[in-house]
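Trainee: The structure follows.
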Amino acid sequence: MERGLEDMSSILKVEDLVKYYGEGENQVRAVDHTSLQIERGKFTAIVGRSGSGKSTLLHLIGGLDRPDSGKVWIDGTDIYSRKDDKLAQFRRKKIGFIFQDFNLIPSLNVWENIVLPLGLDNRKVKPREVEDILKKIGLQDKKDAMPSALSGGQKQRVAIAGIMAMEPECIVLDEPTAMLDPEGRRHVLSLVKALNKEKNITILMVTHHMEEVILADRIIVMDQGKIVMEGKPKEIFSRVDEMKTLGLEVPYATELAWELKKEGVNLSDTITTKEELVEELCQFV
């Protein structure tokens, strides 16, 4: 096993990663010499306009696609140089993937979809632990239900439950709330945040909902396959003009504060929530 990380506070490391799609004049560099580290136990969000390379980067990190050059380390292991037949099992133990389209098996009920990943790794199913997971996701009364009988938010919670059963150290989410209504988004985000804070599971999430990004410890902004900004949410959203130049929105409260500042209202650059906006506006009452 190659140790690619001297600082083991990072669970993921990407070094000079490049990925091309297409050929000849139609060739596109989806990921362009990108390097980053993801700190263990932290919640990191990746944002960028459509085609910025964010989802491609996630797929390369998770081993779902191969880079044209560069390296990816998961917990110190270079996943593209390791050749043994247990690599897939190693990745599943370290990283769980959640997609926007739920990835449930339509012919299996909720319980069966949750325990299916365990069977793939020949792990013993512990019914009490599965029951506990069902309670945590609020679907203990749906264990016999088929996916077709569930709402979008419920389907996504079942997908997350399947990953929870695997007990990975990191969960990677690619637009997990893109197909959900506001209530479904709240349920899923609450669950993801709880896994991060209560279980110390590293979260790496791609999203286009800026209200969700506020929950992260760190934001990475991508454009044309490159990382162009990174920092804490308040640092990133204080740069409204730059975000708009990149074709990105900011949280509603940030947008409103920005507009008011242009009209001469003396407000902070770090407003990201409506509560913070109301608190600052109260000083003028």
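Every chain in the structure tokens has a letter given in the order shown (A, B, ...), and although residue numbers restart at 1 in each chain, ligands are simply numbered from 1 in the order shown.
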Give me, as CSV, the closest atom pair and its distance (Å, one decimal) for every residue of segment 102-143 of chain A within a cut-off of 10 Å of segment 186-198 of chain A, counting only C-alpha atoms, rows sorted by chain and rising number.
Mentor:
residue,atom,partner,partner_atom,distance
A:Lys136,CA,A:Leu191,CA,8.1
A:Ile137,CA,A:Leu191,CA,7.0
A:Gly138,CA,A:His187,CA,9.3
Trainee: Output C-alpha atoms of each residue in that selection to a file, as a PDB file, in the first residue's frame.
Mentor:
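Final output, saved to selection_8.pdb:
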ATOM      1  CA  LYS A 136     -32.976   7.572  12.396  1.00  0.00           C
ATOM      2  CA  ILE A 137     -34.229   8.267   8.886  1.00  0.00           C
ATOM      3  CA  GLY A 138     -37.845   8.332  10.084  1.00  0.00           C
TER       4      GLY A 138
END
Trainee: Segment 53-125 of chain A near segment 143-159 of chain A within 9 Å: what's each residue's closest atom pair and its distance in Å to one decimal, counting only C-alpha atoms, ordered by chain then ascending residue number, as a Markdown table?
Mentor:
| residue | atom | partner | partner_atom | distance |
| --- | --- | --- | --- | --- |
| A:Ile98 | CA | A:Ala159 | CA | 6.8 |
| A:Phe99 | CA | A:Gln156 | CA | 8.5 |
| A:Gln100 | CA | A:Gln156 | CA | 7.9 |
| A:Asp101 | CA | A:Gln156 | CA | 8.1 |
| A:Phe102 | CA | A:Gln156 | CA | 5.3 |
| A:Asn103 | CA | A:Ala159 | CA | 7.0 |
| A:Leu104 | CA | A:Ala159 | CA | 6.6 |
| A:Ile105 | CA | A:Pro147 | CA | 7.7 |
| A:Pro106 | CA | A:Pro147 | CA | 5.8 |
| A:Ser107 | CA | A:Met146 | CA | 7.2 |
| A:Leu108 | CA | A:Met146 | CA | 6.4 |
| A:Asn109 | CA | A:Met146 | CA | 4.3 |
| A:Val110 | CA | A:Lys143 | CA | 4.9 |
| A:Trp111 | CA | A:Lys143 | CA | 5.0 |
| A:Glu112 | CA | A:Lys143 | CA | 8.4 |
| A:Asn113 | CA | A:Val158 | CA | 7.5 |
| A:Ile114 | CA | A:Val158 | CA | 6.7 |
Trainee: From the set A:Lys126, A:Lys199, A:Lys54, A:Lys13, which residue has the shortest atom-to-atom contact distance to Glu167 of chain A, counting only C-alpha atoms?
Mentor: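 Closest to Glu167 of chain A of all the choices is A:Lys199.
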Trainee: Near Val250 of chain A, within 8 Å and counting only C-alpha atoms, which residues show up once chain neighbours fewer than 4 positions away are dropped, as a list in words?
Mentor: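 Listed by chain and then number, they are Met210, Glu211, Phe237, Val240, Met243, Thr254 and Glu255 of chain A.
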Trainee: So how far away is atom CA of Pro127 of chain A from atom CA of Arg185 of chain A, in Å?
Mentor: 27.8 Å
Trainee: Rounded to one decimal place, report the atom CA of Ser238 of chain A-atom CA of Lys261 of chain A distance in Å.
Mentor: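 Taking atom CA of Ser238 of chain A and atom CA of Lys261 of chain A, their separation equals 12.0 Å.
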Trainee: Could you write out, as a PyMOL selection string, all the residues of segment 179-244 of chain A that DSSP marks as strand (DSSP E or B)?
Mentor: chain A and resi 202-206+218-223+226-231
Trainee: If you keep N, CA and C atoms, can you produce a file of those selected residues as a short mmCIF file (atom, residue, chain, number, x, y, z; two decimals), in the first residue's frame?
Mentor:
data_model
loop_
_atom_site.label_atom_id
_atom_site.label_comp_id
_atom_site.auth_asym_id
_atom_site.auth_seq_id
_atom_site.Cartn_x
_atom_site.Cartn_y
_atom_site.Cartn_z
N THR A 202 -17.06 12.18 7.30
CA THR A 202 -16.68 13.23 6.36
C THR A 202 -17.73 13.33 5.26
N ILE A 203 -18.14 14.56 4.95
CA ILE A 203 -19.14 14.80 3.91
C ILE A 203 -18.51 15.61 2.78
N LEU A 204 -18.66 15.13 1.56
CA LEU A 204 -18.24 15.87 0.37
C LEU A 204 -19.46 15.92 -0.55
N MET A 205 -19.99 17.12 -0.78
CA MET A 205 -21.27 17.25 -1.48
C MET A 205 -21.19 18.26 -2.61
N VAL A 206 -21.69 17.86 -3.77
CA VAL A 206 -21.91 18.78 -4.88
C VAL A 206 -23.37 19.21 -4.85
N ARG A 218 -16.55 24.18 4.60
CA ARG A 218 -15.68 24.71 3.55
C ARG A 218 -16.37 24.59 2.21
N ILE A 219 -16.17 25.60 1.37
CA ILE A 219 -16.74 25.59 0.02
C ILE A 219 -15.60 25.61 -0.99
N ILE A 220 -15.73 24.77 -2.01
CA ILE A 220 -14.82 24.77 -3.15
C ILE A 220 -15.62 25.19 -4.38
N VAL A 221 -15.16 26.22 -5.07
CA VAL A 221 -15.85 26.72 -6.26
C VAL A 221 -15.04 26.32 -7.49
N MET A 222 -15.72 25.66 -8.45
CA MET A 222 -15.05 25.21 -9.67
C MET A 222 -15.56 25.96 -10.88
N ASP A 223 -14.68 26.13 -11.86
CA ASP A 223 -15.06 26.71 -13.14
C ASP A 223 -14.10 26.19 -14.21
N LYS A 226 -11.35 23.79 -13.12
CA LYS A 226 -10.35 24.24 -12.14
C LYS A 226 -11.03 24.72 -10.86
N ILE A 227 -10.29 24.65 -9.76
CA ILE A 227 -10.73 25.27 -8.51
C ILE A 227 -10.34 26.74 -8.56
N VAL A 228 -11.34 27.63 -8.48
CA VAL A 228 -11.08 29.06 -8.63
C VAL A 228 -11.27 29.83 -7.32
N MET A 229 -11.98 29.23 -6.36
CA MET A 229 -12.15 29.85 -5.04
C MET A 229 -12.33 28.73 -4.02
N GLU A 230 -11.90 28.97 -2.80
CA GLU A 230 -12.21 28.07 -1.70
C GLU A 230 -12.09 28.80 -0.38
N GLY A 231 -12.90 28.38 0.60
CA GLY A 231 -12.88 29.03 1.90
C GLY A 231 -14.14 28.69 2.67
#
Trainee: Smallest atom-to-atom distance to Ala216 of chain A: which of A:Gly119, A:Gly41, A:Gly63, A:Pro182, using only C-alpha atoms?
Mentor: A:Gly41
Trainee: Using only C-alpha atoms, which of A:Val285, A:Leu36, A:Ala178, A:Ala161 sits nearest Gln140 of chain A?
Mentor: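 Looking at the shortest contact to Gln140 of chain A, the residue is A:Ala161.
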Trainee: Here is a test: counting only C-alpha atoms, which residue of A:Leu277, A:Ala30, A:Leu12, A:Val18 is nearest to Gly225 of chain A?
Mentor: A:Ala30
